[in-house]
Amino acid sequence: MTQTQPVETIPQPRHAPVAVPTAGQPYEYHRRPLVEPDWTRFPGWRHVTRDQWESAQWQRVNCVKNIKQLRAVFGDLIDESFYADLEADQLALATMSMLVPPQMINTMVPFATLTTEALLADPIRRYMIPVASDRRTDWPSHPYASRDSLHEHDMWVAEGLTHRYPTKVLAELLSTCPQYCGHCTRMDLVGNSTPAVDKLKLTLKPVDRYDAHIAYLKAHPGVRDVVVSGGDVANVPWRNLESYLMRLLELETVRDIRLATKALMGLPQHWLQPDVVEGLERVARTAARRGVNLAIHTHVNHAQSLTPLVAKAAQTALDVGVRDVRNQGVLMRGVNATTPELLDLCFALQGEAGILPYYFYMCDMIPNAEHWRVPVWHAQQLQHDIMGYLPGYATPRIVCDVPFVGKRWVHMLTDYDRERGISYWTKNYRTSIESADLEALNKRYAYYDPIDTLPANGQQWWHDHRND
Ligand code: SF4
């Protein structure tokens with residue numbers, strides 16, 4: 001089948017926001033200044049002061065880690081049925097344990113009355129606090145879904161160091177974050193085990209892990225770009241992170257360093273602490289002196305998440321010399337998979353927060369994620385529909401991270417079986433586990449659409465081959 005298809009719609013979750021048509025253009029831009037929602041609207045935070053709110057320590061101590069703590073924040077505003085739904089998810093389906101900073105909870109239902117219905121419909125809640133009724137019961141997971149769906153662990157060349165692309169590595173310094181996202185692609189390693197997922201563990205002492213990374217980079221001068229990640233680097237004690245970054249900066253061969261931190265949005269208070277800001281300035285100054293591009297990559301999925309504190313954290317990083325702050329969001333049904341939601345987010349990032357809209361990833365093929373995933377054709381349609389509104393350099397690419405391939409722009413597929421929802425992709429480099437595979441560059445690699453989005457014949461085919 002060809003990839004050019006008439007415009008269709010994908011089944012949306014019960015609580016998906018409805019796009020409101022606007023006059024004139026398909027999308028109408030309105031500037032919306034950022035606003036910090038009033039946290040005292042939550043019964044549990046009625047007496048929390050601004051000083052407390054802006055303290056990273058207060059935010060960390062008051063992260064919500066379980067249902068009891070969530071109840072204490074929401075008081076009696078939310079029905080018991082919600083907590084039962086959440087508990088059902090946590091007991092059987094969740095791939096990530098619960099960890100939500102107050103900053104993120106405060107961006108749920110930010111400017112309306114908090115009700116159970118509004119909370120269920122909220123895009124931030126939908127991916128940070130998933131409940132059982134969000135998930136699909138027909139196909140909760142795709143038959144080809146897997147833990148470590150990108151095979152990052154298979155490509156470790158040292159503990160936590162993934163060498164997938166020829167000139168770039170991903171350095172996972174630790175396996176924790178200040179917040180846990182329900183759709184985390186590293187659900188294999190990141191966070192605490194859940195009843196559904198027994199997590200892998202990093203076993204080396206951090207100092208030995210870091211030494212092993214540096215040794216590998218010294219031995220492989222062709223690697224010029226290091227994504228320093230985790231987990232989230234905001235959970236690495238600053239002194240350790242600075243030492244790691246300074247060691248990277250001593251390597252003449254390293255020309256790009258990107259710090260991965262969703263906490264810039266989820267816990268901006270962390271990135272505003274004086275010791276962190278001063279340390280970041282030392283690193284940025286050293287990077288500039290050595291001509292290395294130092295950037296921060298964050299992960300914002302919805303315009304609601306952007307508040308003045310997030311913009312302040314991004315601006316502070318730029319002020320102390322970080323060259324760029326960029327966003328890598330994840331495309332998810334019920335969260336942001338419509339044109340207005342994507343453009344609202346991109347304009348808020350670009351125009352209000354000083355963060356470059358860079359990528360949207362399709363949600364990876366991990367277990368129990370089918371209700372979030374969108375088919376490739378839908379991502380192509382979104383890419384089409386967001387073109388032409390933002391400055392070209394700030395128009396994000398929507399990419400599919402194809403297993404064993406890497407990021408591909410969604411229009412780069414070579415073939416597409418729309419009935420069975422299988423797209424085929426090629427690549428132009430070998431990963432570190434294929435150095436001896438002469439055929440690696442001649443193969444086609446498959447990616448799979450969510451089955452509930454397929455035509456009836458396709459759904460029937462998967463049903464008939466469920467156990468193949
Ligand atoms: S911040 Fe990133 S690594 Fe951490 S749970 Fe979320 S998606 Fe996973």
# chains A, B, ... in the order shown; residues from 1 in each chain; ligands from 1

$ residues_near_ligand --ligand "ligand 1" --cutoff "9 Å" --atoms "only C-alpha atoms and all ligand atoms" --output "short mmCIF file (atom, residue, chain, number, x, y, z; two decimals) with N, CA, C and O atoms, in the first residue's frame"
data_model
loop_
_atom_site.label_atom_id
_atom_site.label_comp_id
_atom_site.auth_asym_id
_atom_site.auth_seq_id
_atom_site.Cartn_x
_atom_site.Cartn_y
_atom_site.Cartn_z
N MET A 96 5.72 2.03 35.60
CA MET A 96 6.51 2.99 36.39
C MET A 96 5.83 3.20 37.74
O MET A 96 4.61 3.24 37.81
N LEU A 99 5.70 8.91 41.16
CA LEU A 99 6.56 9.97 41.72
C LEU A 99 6.25 11.25 40.94
O LEU A 99 6.64 11.40 39.78
N MET A 128 1.15 11.15 33.70
CA MET A 128 1.92 11.09 34.95
C MET A 128 1.24 10.22 36.01
O MET A 128 1.91 9.64 36.86
N SER A 175 19.76 5.66 37.48
CA SER A 175 18.49 5.10 37.01
C SER A 175 17.29 5.71 37.74
O SER A 175 16.25 5.08 37.83
N THR A 176 17.45 6.91 38.25
CA THR A 176 16.32 7.55 38.92
C THR A 176 16.07 8.93 38.33
O THR A 176 16.93 9.51 37.65
N CYS A 177 14.88 9.45 38.61
CA CYS A 177 14.48 10.80 38.15
C CYS A 177 13.73 11.47 39.30
O CYS A 177 13.22 10.79 40.19
N PRO A 178 13.57 12.78 39.26
CA PRO A 178 12.73 13.44 40.27
C PRO A 178 11.25 13.21 39.99
O PRO A 178 10.41 13.57 40.81
N GLN A 179 10.92 12.69 38.80
CA GLN A 179 9.53 12.40 38.45
C GLN A 179 9.53 11.16 37.56
O GLN A 179 10.47 10.95 36.80
N TYR A 180 8.49 10.36 37.71
CA TYR A 180 8.40 9.17 36.86
C TYR A 180 7.20 9.29 35.93
O TYR A 180 6.07 9.47 36.38
N CYS A 181 7.46 9.18 34.63
CA CYS A 181 6.43 9.33 33.61
C CYS A 181 5.89 7.94 33.27
O CYS A 181 6.68 7.01 33.06
N GLY A 182 4.58 7.84 33.18
CA GLY A 182 3.97 6.54 32.94
C GLY A 182 4.45 5.86 31.68
O GLY A 182 4.50 4.63 31.60
N HIS A 183 4.85 6.65 30.67
CA HIS A 183 5.19 6.08 29.36
C HIS A 183 6.70 5.92 29.18
O HIS A 183 7.16 5.72 28.06
N CYS A 184 7.48 6.00 30.27
CA CYS A 184 8.94 6.04 30.14
C CYS A 184 9.47 4.92 29.25
O CYS A 184 9.23 3.74 29.50
N THR A 185 10.23 5.31 28.24
CA THR A 185 10.78 4.31 27.32
C THR A 185 11.85 3.47 28.00
O THR A 185 12.12 2.33 27.60
N ARG A 186 12.47 4.01 29.05
CA ARG A 186 13.49 3.24 29.79
C ARG A 186 12.88 2.54 30.99
O ARG A 186 13.52 2.36 32.03
N MET A 187 11.60 2.14 30.86
CA MET A 187 10.90 1.49 31.97
C MET A 187 11.61 0.22 32.42
O MET A 187 11.39 -0.27 33.52
N VAL A 190 14.64 2.34 34.60
CA VAL A 190 14.43 3.56 35.39
C VAL A 190 13.34 3.37 36.44
O VAL A 190 12.27 2.84 36.14
N GLY A 191 13.63 3.81 37.64
CA GLY A 191 12.63 3.83 38.71
C GLY A 191 12.60 2.55 39.51
O GLY A 191 13.40 1.63 39.30
N SER A 229 22.59 11.48 30.46
CA SER A 229 21.20 11.27 30.80
C SER A 229 21.08 10.33 31.98
O SER A 229 21.96 10.22 32.82
N GLY A 230 19.97 9.61 32.04
CA GLY A 230 19.72 8.66 33.12
C GLY A 230 18.55 7.79 32.71
O GLY A 230 18.51 7.34 31.56
N GLY A 231 17.56 7.77 33.53
CA GLY A 231 17.20 8.74 34.56
C GLY A 231 17.34 10.20 34.09
O GLY A 231 17.29 10.50 32.92
N ASP A 232 17.48 11.02 35.08
CA ASP A 232 17.47 12.46 34.88
C ASP A 232 18.70 13.00 35.61
O ASP A 232 18.91 12.70 36.80
N ALA A 260 20.32 15.75 29.66
CA ALA A 260 18.90 15.38 29.57
C ALA A 260 18.25 15.53 30.93
O ALA A 260 18.62 14.83 31.88
N THR A 261 17.29 16.43 31.01
CA THR A 261 16.61 16.65 32.29
C THR A 261 15.17 17.11 32.10
O THR A 261 14.92 18.25 31.75
N LYS A 262 14.26 16.19 32.37
CA LYS A 262 12.86 16.59 32.38
C LYS A 262 12.58 17.50 33.57
O LYS A 262 11.64 18.28 33.58
N ALA A 263 13.44 17.40 34.60
CA ALA A 263 13.25 18.22 35.80
C ALA A 263 13.28 19.71 35.51
O ALA A 263 12.77 20.50 36.30
N GLY A 266 9.72 19.58 35.31
CA GLY A 266 9.03 18.92 36.41
C GLY A 266 9.43 19.45 37.78
O GLY A 266 8.64 19.39 38.73
N THR A 298 15.21 19.02 27.43
CA THR A 298 14.17 18.72 28.39
C THR A 298 13.01 18.01 27.71
O THR A 298 13.09 17.67 26.51
N HIS A 299 11.96 17.75 28.45
CA HIS A 299 10.89 16.86 27.98
C HIS A 299 9.56 17.43 28.46
O HIS A 299 9.15 17.17 29.59
N VAL A 330 7.05 13.73 23.78
CA VAL A 330 6.59 12.43 23.29
C VAL A 330 5.14 12.59 22.87
O VAL A 330 4.33 13.17 23.59
#

$ residues_around --residues "Glu439 of chain A" --least-positions-apart "2" --cutoff "12 Å" --atoms "only C-alpha atoms" --output "list in words"
Thr426, Lys427, Asn428, Tyr429, Arg430, Glu434, Ser435, Ala436, Asp437, Leu441, Asn442, Lys443, Arg444 and Tyr445 of chain A

$ atom_distance --atom1 "atom CA of Gln273 of chain A" --atom2 "atom CA of Tyr210 of chain A"
24.5 Å

$ select_by_dssp --residues "segment 381-438 of chain A" --states "helix (DSSP H, G or I)" --output "count of residues only"
9

$ residues_around --residues "Val61 of chain A" --least-positions-apart "2" --cutoff "12 Å" --atoms "only C-alpha atoms" --output "JSON, numbers by chain"
{"A": [52, 53, 55, 56, 57, 58, 59, 63, 64, 65, 69, 99, 100, 101, 102, 178, 267]}

$ write_last_selection --atoms "all heavy atoms" --output "compact mmCIF listing (two decimals), in the first residue's frame"
# COMPACT_ATOMS: atom_id res chain seq x y z
N GLN A 52 8.27 28.25 50.26
CA GLN A 52 8.26 26.79 50.26
C GLN A 52 8.13 26.27 48.83
O GLN A 52 8.86 25.37 48.41
CB GLN A 52 7.09 26.27 51.11
CG GLN A 52 7.31 26.43 52.60
CD GLN A 52 6.06 26.02 53.37
OE1 GLN A 52 4.96 26.53 53.13
NE2 GLN A 52 6.22 25.11 54.32
N TRP A 53 7.19 26.85 48.09
CA TRP A 53 6.93 26.37 46.73
C TRP A 53 8.18 26.47 45.86
O TRP A 53 8.46 25.59 45.04
CB TRP A 53 5.79 27.18 46.10
CG TRP A 53 5.33 26.57 44.81
CD1 TRP A 53 5.67 26.98 43.55
CD2 TRP A 53 4.51 25.43 44.67
NE1 TRP A 53 5.10 26.14 42.63
CE2 TRP A 53 4.37 25.17 43.30
CE3 TRP A 53 3.87 24.57 45.58
CZ2 TRP A 53 3.62 24.11 42.80
CZ3 TRP A 53 3.11 23.51 45.09
CH2 TRP A 53 3.00 23.29 43.71
N SER A 55 11.21 26.27 46.79
CA SER A 55 12.35 25.52 47.34
C SER A 55 12.40 24.12 46.72
O SER A 55 11.43 23.36 46.77
CB SER A 55 12.19 25.43 48.87
OG SER A 55 12.79 24.25 49.34
N ALA A 56 13.56 23.79 46.15
CA ALA A 56 13.72 22.45 45.55
C ALA A 56 13.56 21.38 46.62
O ALA A 56 12.98 20.31 46.38
CB ALA A 56 15.08 22.34 44.89
N GLN A 57 14.06 21.69 47.81
CA GLN A 57 13.96 20.70 48.87
C GLN A 57 12.50 20.45 49.26
O GLN A 57 12.07 19.31 49.43
CB GLN A 57 14.76 21.18 50.08
CG GLN A 57 15.08 20.04 51.01
CD GLN A 57 15.61 20.54 52.35
OE1 GLN A 57 15.87 21.73 52.52
NE2 GLN A 57 15.75 19.64 53.29
N TRP A 58 11.72 21.54 49.37
CA TRP A 58 10.29 21.35 49.71
C TRP A 58 9.61 20.53 48.62
O TRP A 58 8.81 19.64 48.90
CB TRP A 58 9.61 22.72 49.87
CG TRP A 58 8.19 22.56 50.36
CD1 TRP A 58 7.78 22.53 51.66
CD2 TRP A 58 7.03 22.35 49.54
NE1 TRP A 58 6.42 22.32 51.70
CE2 TRP A 58 5.93 22.20 50.43
CE3 TRP A 58 6.80 22.27 48.17
CZ2 TRP A 58 4.64 21.98 49.97
CZ3 TRP A 58 5.51 22.04 47.72
CH2 TRP A 58 4.44 21.90 48.61
N GLN A 59 9.92 20.83 47.37
CA GLN A 59 9.30 20.10 46.26
C GLN A 59 9.65 18.61 46.34
O GLN A 59 8.79 17.75 46.18
CB GLN A 59 9.77 20.67 44.92
CG GLN A 59 9.19 22.05 44.59
CD GLN A 59 7.78 21.98 44.02
OE1 GLN A 59 7.38 21.00 43.42
NE2 GLN A 59 7.02 23.07 44.21
N CYS A 63 6.97 15.41 47.10
CA CYS A 63 6.57 14.63 45.91
C CYS A 63 5.51 13.60 46.31
O CYS A 63 5.58 13.02 47.40
CB CYS A 63 7.78 13.88 45.34
SG CYS A 63 8.78 14.88 44.25
N VAL A 64 4.59 13.37 45.40
CA VAL A 64 3.54 12.39 45.68
C VAL A 64 4.01 11.02 45.18
O VAL A 64 4.29 10.84 44.00
CB VAL A 64 2.22 12.83 45.00
CG1 VAL A 64 1.20 11.71 45.05
CG2 VAL A 64 1.69 14.08 45.69
N LYS A 65 4.08 10.07 46.12
CA LYS A 65 4.62 8.74 45.78
C LYS A 65 3.59 7.63 45.92
O LYS A 65 3.87 6.49 45.56
CB LYS A 65 5.79 8.41 46.72
CG LYS A 65 6.93 9.39 46.69
CD LYS A 65 8.03 8.93 47.64
CE LYS A 65 8.88 10.07 48.12
NZ LYS A 65 8.22 11.04 48.98
N GLN A 69 -0.78 9.82 49.77
CA GLN A 69 -0.26 11.20 49.65
C GLN A 69 -1.08 12.01 48.64
O GLN A 69 -1.29 13.21 48.82
CB GLN A 69 1.22 11.17 49.25
CG GLN A 69 2.11 10.62 50.37
CD GLN A 69 3.55 10.41 49.93
OE1 GLN A 69 3.86 10.39 48.75
NE2 GLN A 69 4.44 10.23 50.91
N LEU A 99 5.70 8.91 41.16
CA LEU A 99 6.56 9.97 41.72
C LEU A 99 6.25 11.25 40.94
O LEU A 99 6.64 11.40 39.78
CB LEU A 99 8.04 9.61 41.58
CG LEU A 99 9.01 10.62 42.21
CD1 LEU A 99 8.84 10.68 43.72
CD2 LEU A 99 10.46 10.25 41.89
N VAL A 100 5.51 12.14 41.58
CA VAL A 100 5.08 13.36 40.89
C VAL A 100 5.38 14.56 41.78
O VAL A 100 4.81 14.69 42.87
CB VAL A 100 3.57 13.33 40.56
CG1 VAL A 100 3.24 14.42 39.53
CG2 VAL A 100 3.12 11.98 40.06
N PRO A 101 6.26 15.47 41.34
CA PRO A 101 6.53 16.66 42.16
C PRO A 101 5.29 17.57 42.23
O PRO A 101 4.50 17.61 41.28
CB PRO A 101 7.66 17.37 41.40
CG PRO A 101 8.19 16.38 40.43
CD PRO A 101 7.07 15.43 40.13
N PRO A 102 5.14 18.30 43.33
CA PRO A 102 4.03 19.26 43.42
C PRO A 102 3.95 20.17 42.19
O PRO A 102 2.87 20.47 41.69
CB PRO A 102 4.36 20.04 44.69
CG PRO A 102 5.11 19.07 45.54
CD PRO A 102 5.92 18.24 44.58
N PRO A 178 13.57 12.78 39.26
CA PRO A 178 12.73 13.44 40.27
C PRO A 178 11.25 13.21 39.99
O PRO A 178 10.41 13.57 40.81
CB PRO A 178 13.06 14.93 40.11
CG PRO A 178 14.27 14.98 39.27
CD PRO A 178 14.27 13.75 38.42
N LEU A 267 10.68 19.94 37.88
CA LEU A 267 11.19 20.47 39.16
C LEU A 267 12.15 21.61 38.83
O LEU A 267 13.34 21.52 39.08
CB LEU A 267 11.91 19.34 39.91
CG LEU A 267 12.26 19.58 41.36
CD1 LEU A 267 11.04 19.50 42.25
CD2 LEU A 267 13.29 18.56 41.82

$ residues_around --residues "Asp256 of chain A" --least-positions-apart "2" --cutoff "9 Å" --atoms "only C-alpha atoms" --output "compact mmCIF listing (two decimals) with N, CA and C atoms, in the first residue's frame"
# COMPACT_ATOMS: atom_id res chain seq x y z
N ARG A 224 31.90 11.90 19.14
CA ARG A 224 32.08 13.34 19.36
C ARG A 224 30.93 13.98 20.14
N ASP A 225 29.90 13.18 20.44
CA ASP A 225 28.65 13.75 20.97
C ASP A 225 28.17 12.86 22.11
N VAL A 226 28.00 13.45 23.29
CA VAL A 226 27.59 12.64 24.45
C VAL A 226 26.29 13.20 25.01
N VAL A 227 25.26 12.38 25.02
CA VAL A 227 24.01 12.74 25.69
C VAL A 227 24.13 12.23 27.12
N VAL A 254 35.44 15.23 22.19
CA VAL A 254 34.02 15.48 22.49
C VAL A 254 33.67 16.91 22.11
N ARG A 258 25.05 17.09 25.69
CA ARG A 258 23.64 17.45 25.91
C ARG A 258 23.20 16.85 27.23
N VAL A 292 33.00 23.72 22.82
CA VAL A 292 32.07 22.58 22.87
C VAL A 292 30.64 23.11 23.01
N ASN A 293 29.74 22.51 22.28
CA ASN A 293 28.33 22.91 22.35
C ASN A 293 27.67 22.24 23.54
N LEU A 294 27.36 23.02 24.56
CA LEU A 294 26.69 22.48 25.74
C LEU A 294 25.22 22.89 25.68
N ALA A 295 24.34 21.90 25.72
CA ALA A 295 22.91 22.19 25.64
C ALA A 295 22.16 21.39 26.70

$ closest_residue --among "A:Gln459, A:Gly279, A:Pro43, A:Asn62" --to "Ser243 of chain A" --atoms "only C-alpha atoms"
A:Gly279

$ residues_around --residues "Asp148 of chain A" --least-positions-apart "3" --cutoff "12 Å" --atoms "only C-alpha atoms" --output "PyMOL selection string"
chain A and resi 95+144-145+151-156+184-190+197+199-200+364-367+403-404

$ residues_around --residues "Asp385 of chain A" --least-positions-apart "4" --cutoff "10 Å" --atoms "only C-alpha atoms" --output "ChimeraX atom specification"
/A:26-27,338-340,342-343,379-381,389

$ write_last_selection --atoms "N, CA and C atoms" --output "JSON list (two decimals), in the first residue's frame"
[["chain", "number", "residue", "atom", "x", "y", "z"],
["A", 26, "PRO", "N", -6.65, 26.96, 9.76],
["A", 26, "PRO", "CA", -6.90, 25.75, 10.55],
["A", 26, "PRO", "C", -6.42, 25.89, 12.00],
["A", 27, "TYR", "N", -5.35, 26.66, 12.19],
["A", 27, "TYR", "CA", -4.89, 26.94, 13.56],
["A", 27, "TYR", "C", -4.76, 28.44, 13.71],
["A", 338, "THR", "N", -2.89, 16.17, 18.85],
["A", 338, "THR", "CA", -3.70, 16.94, 17.91],
["A", 338, "THR", "C", -2.89, 18.17, 17.48],
["A", 339, "THR", "N", -3.24, 18.71, 16.34],
["A", 339, "THR", "CA", -2.50, 19.87, 15.84],
["A", 339, "THR", "C", -2.56, 21.05, 16.80],
["A", 340, "PRO", "N", -3.74, 21.45, 17.31],
["A", 340, "PRO", "CA", -3.74, 22.59, 18.24],
["A", 340, "PRO", "C", -2.91, 22.35, 19.48],
["A", 342, "LEU", "N", -0.23, 20.46, 19.79],
["A", 342, "LEU", "CA", 1.20, 20.54, 19.47],
["A", 342, "LEU", "C", 1.62, 21.98, 19.22],
["A", 343, "LEU", "N", 0.81, 22.71, 18.47],
["A", 343, "LEU", "CA", 1.20, 24.09, 18.16],
["A", 343, "LEU", "C", 1.12, 24.98, 19.40],
["A", 379, "ALA", "N", 1.01, 10.46, 12.78],
["A", 379, "ALA", "CA", 2.18, 11.32, 13.03],
["A", 379, "ALA", "C", 2.56, 12.09, 11.77],
["A", 380, "GLN", "N", 2.45, 11.43, 10.62],
["A", 380, "GLN", "CA", 2.74, 12.13, 9.35],
["A", 380, "GLN", "C", 1.75, 13.27, 9.13],
["A", 381, "GLN", "N", 0.50, 13.00, 9.44],
["A", 381, "GLN", "CA", -0.52, 14.04, 9.26],
["A", 381, "GLN", "C", -0.24, 15.23, 10.19],
["A", 389, "TYR", "N", 3.72, 27.35, 10.56],
["A", 389, "TYR", "CA", 3.25, 28.27, 11.59],
["A", 389, "TYR", "C", 4.40, 28.84, 12.42]]

$ select_by_dssp --residues "segment 177-250 of chain A" --states "strand (DSSP E or B)" --output "PyMOL selection string"
chain A and resi 194+197+225-229

$ decode --residues "segment 317-334 of chain A" --atoms "N, CA, C and O atoms" --output "PDB file, in the first residue's frame"
ATOM      1  N   ALA A 317      19.625  29.048  32.693  1.00  0.00           N
ATOM      2  CA  ALA A 317      20.637  28.196  32.045  1.00  0.00           C
ATOM      3  C   ALA A 317      21.256  28.923  30.850  1.00  0.00           C
ATOM      4  O   ALA A 317      22.482  28.901  30.657  1.00  0.00           O
ATOM      5  N   LEU A 318      20.413  29.609  30.080  1.00  0.00           N
ATOM      6  CA  LEU A 318      20.943  30.361  28.929  1.00  0.00           C
ATOM      7  C   LEU A 318      21.813  31.517  29.412  1.00  0.00           C
ATOM      8  O   LEU A 318      22.885  31.784  28.847  1.00  0.00           O
ATOM      9  N   ASP A 319      21.373  32.193  30.468  1.00  0.00           N
ATOM     10  CA  ASP A 319      22.127  33.346  30.983  1.00  0.00           C
ATOM     11  C   ASP A 319      23.526  32.955  31.451  1.00  0.00           C
ATOM     12  O   ASP A 319      24.462  33.746  31.347  1.00  0.00           O
ATOM     13  N   VAL A 320      23.663  31.735  31.997  1.00  0.00           N
ATOM     14  CA  VAL A 320      24.992  31.353  32.501  1.00  0.00           C
ATOM     15  C   VAL A 320      25.832  30.696  31.410  1.00  0.00           C
ATOM     16  O   VAL A 320      26.935  30.232  31.686  1.00  0.00           O
ATOM     17  N   GLY A 321      25.324  30.653  30.179  1.00  0.00           N
ATOM     18  CA  GLY A 321      26.189  30.246  29.080  1.00  0.00           C
ATOM     19  C   GLY A 321      25.865  28.930  28.404  1.00  0.00           C
ATOM     20  O   GLY A 321      26.573  28.527  27.476  1.00  0.00           O
ATOM     21  N   VAL A 322      24.793  28.254  28.865  1.00  0.00           N
ATOM     22  CA  VAL A 322      24.374  27.055  28.115  1.00  0.00           C
ATOM     23  C   VAL A 322      23.920  27.534  26.745  1.00  0.00           C
ATOM     24  O   VAL A 322      23.212  28.536  26.626  1.00  0.00           O
ATOM     25  N   ARG A 323      24.374  26.852  25.703  1.00  0.00           N
ATOM     26  CA  ARG A 323      24.154  27.388  24.364  1.00  0.00           C
ATOM     27  C   ARG A 323      22.690  27.319  23.927  1.00  0.00           C
ATOM     28  O   ARG A 323      22.190  28.194  23.234  1.00  0.00           O
ATOM     29  N   ASP A 324      21.986  26.271  24.365  1.00  0.00           N
ATOM     30  CA  ASP A 324      20.612  26.121  23.907  1.00  0.00           C
ATOM     31  C   ASP A 324      19.847  25.230  24.880  1.00  0.00           C
ATOM     32  O   ASP A 324      20.442  24.350  25.501  1.00  0.00           O
ATOM     33  N   VAL A 325      18.562  25.478  25.000  1.00  0.00           N
ATOM     34  CA  VAL A 325      17.678  24.586  25.742  1.00  0.00           C
ATOM     35  C   VAL A 325      16.630  24.106  24.752  1.00  0.00           C
ATOM     36  O   VAL A 325      15.958  24.914  24.110  1.00  0.00           O
ATOM     37  N   ARG A 326      16.532  22.804  24.599  1.00  0.00           N
ATOM     38  CA  ARG A 326      15.670  22.233  23.552  1.00  0.00           C
ATOM     39  C   ARG A 326      14.670  21.262  24.165  1.00  0.00           C
ATOM     40  O   ARG A 326      14.947  20.656  25.201  1.00  0.00           O
ATOM     41  N   ASN A 327      13.555  21.096  23.483  1.00  0.00           N
ATOM     42  CA  ASN A 327      12.537  20.177  23.985  1.00  0.00           C
ATOM     43  C   ASN A 327      12.412  18.941  23.115  1.00  0.00           C
ATOM     44  O   ASN A 327      12.390  19.033  21.888  1.00  0.00           O
ATOM     45  N   GLN A 328      12.342  17.801  23.782  1.00  0.00           N
ATOM     46  CA  GLN A 328      12.033  16.538  23.123  1.00  0.00           C
ATOM     47  C   GLN A 328      10.783  15.976  23.796  1.00  0.00           C
ATOM     48  O   GLN A 328      10.881  15.385  24.870  1.00  0.00           O
ATOM     49  N   GLY A 329       9.636  16.216  23.179  1.00  0.00           N
ATOM     50  CA  GLY A 329       8.397  15.705  23.755  1.00  0.00           C
ATOM     51  C   GLY A 329       8.083  14.325  23.208  1.00  0.00           C
ATOM     52  O   GLY A 329       8.763  13.815  22.320  1.00  0.00           O
ATOM     53  N   VAL A 330       7.050  13.733  23.775  1.00  0.00           N
ATOM     54  CA  VAL A 330       6.588  12.429  23.290  1.00  0.00           C
ATOM     55  C   VAL A 330       5.135  12.586  22.868  1.00  0.00           C
ATOM     56  O   VAL A 330       4.326  13.168  23.592  1.00  0.00           O
ATOM     57  N   LEU A 331       4.855  12.073  21.673  1.00  0.00           N
ATOM     58  CA  LEU A 331       3.515  12.197  21.099  1.00  0.00           C
ATOM     59  C   LEU A 331       2.618  11.130  21.715  1.00  0.00           C
ATOM     60  O   LEU A 331       2.938   9.942  21.639  1.00  0.00           O
ATOM     61  N   MET A 332       1.516  11.553  22.318  1.00  0.00           N
ATOM     62  CA  MET A 332       0.634  10.570  22.969  1.00  0.00           C
ATOM     63  C   MET A 332      -0.832  10.936  22.790  1.00  0.00           C
ATOM     64  O   MET A 332      -1.215  12.097  22.978  1.00  0.00           O
ATOM     65  N   ARG A 333      -1.614   9.918  22.475  1.00  0.00           N
ATOM     66  CA  ARG A 333      -3.060  10.108  22.415  1.00  0.00           C
ATOM     67  C   ARG A 333      -3.576  10.558  23.770  1.00  0.00           C
ATOM     68  O   ARG A 333      -3.145  10.056  24.811  1.00  0.00           O
ATOM     69  N   GLY A 334      -4.503  11.499  23.743  1.00  0.00           N
ATOM     70  CA  GLY A 334      -5.084  11.963  25.000  1.00  0.00           C
ATOM     71  C   GLY A 334      -4.221  12.970  25.731  1.00  0.00           C
ATOM     72  O   GLY A 334      -4.618  13.514  26.753  1.00  0.00           O
TER      73      GLY A 334
END
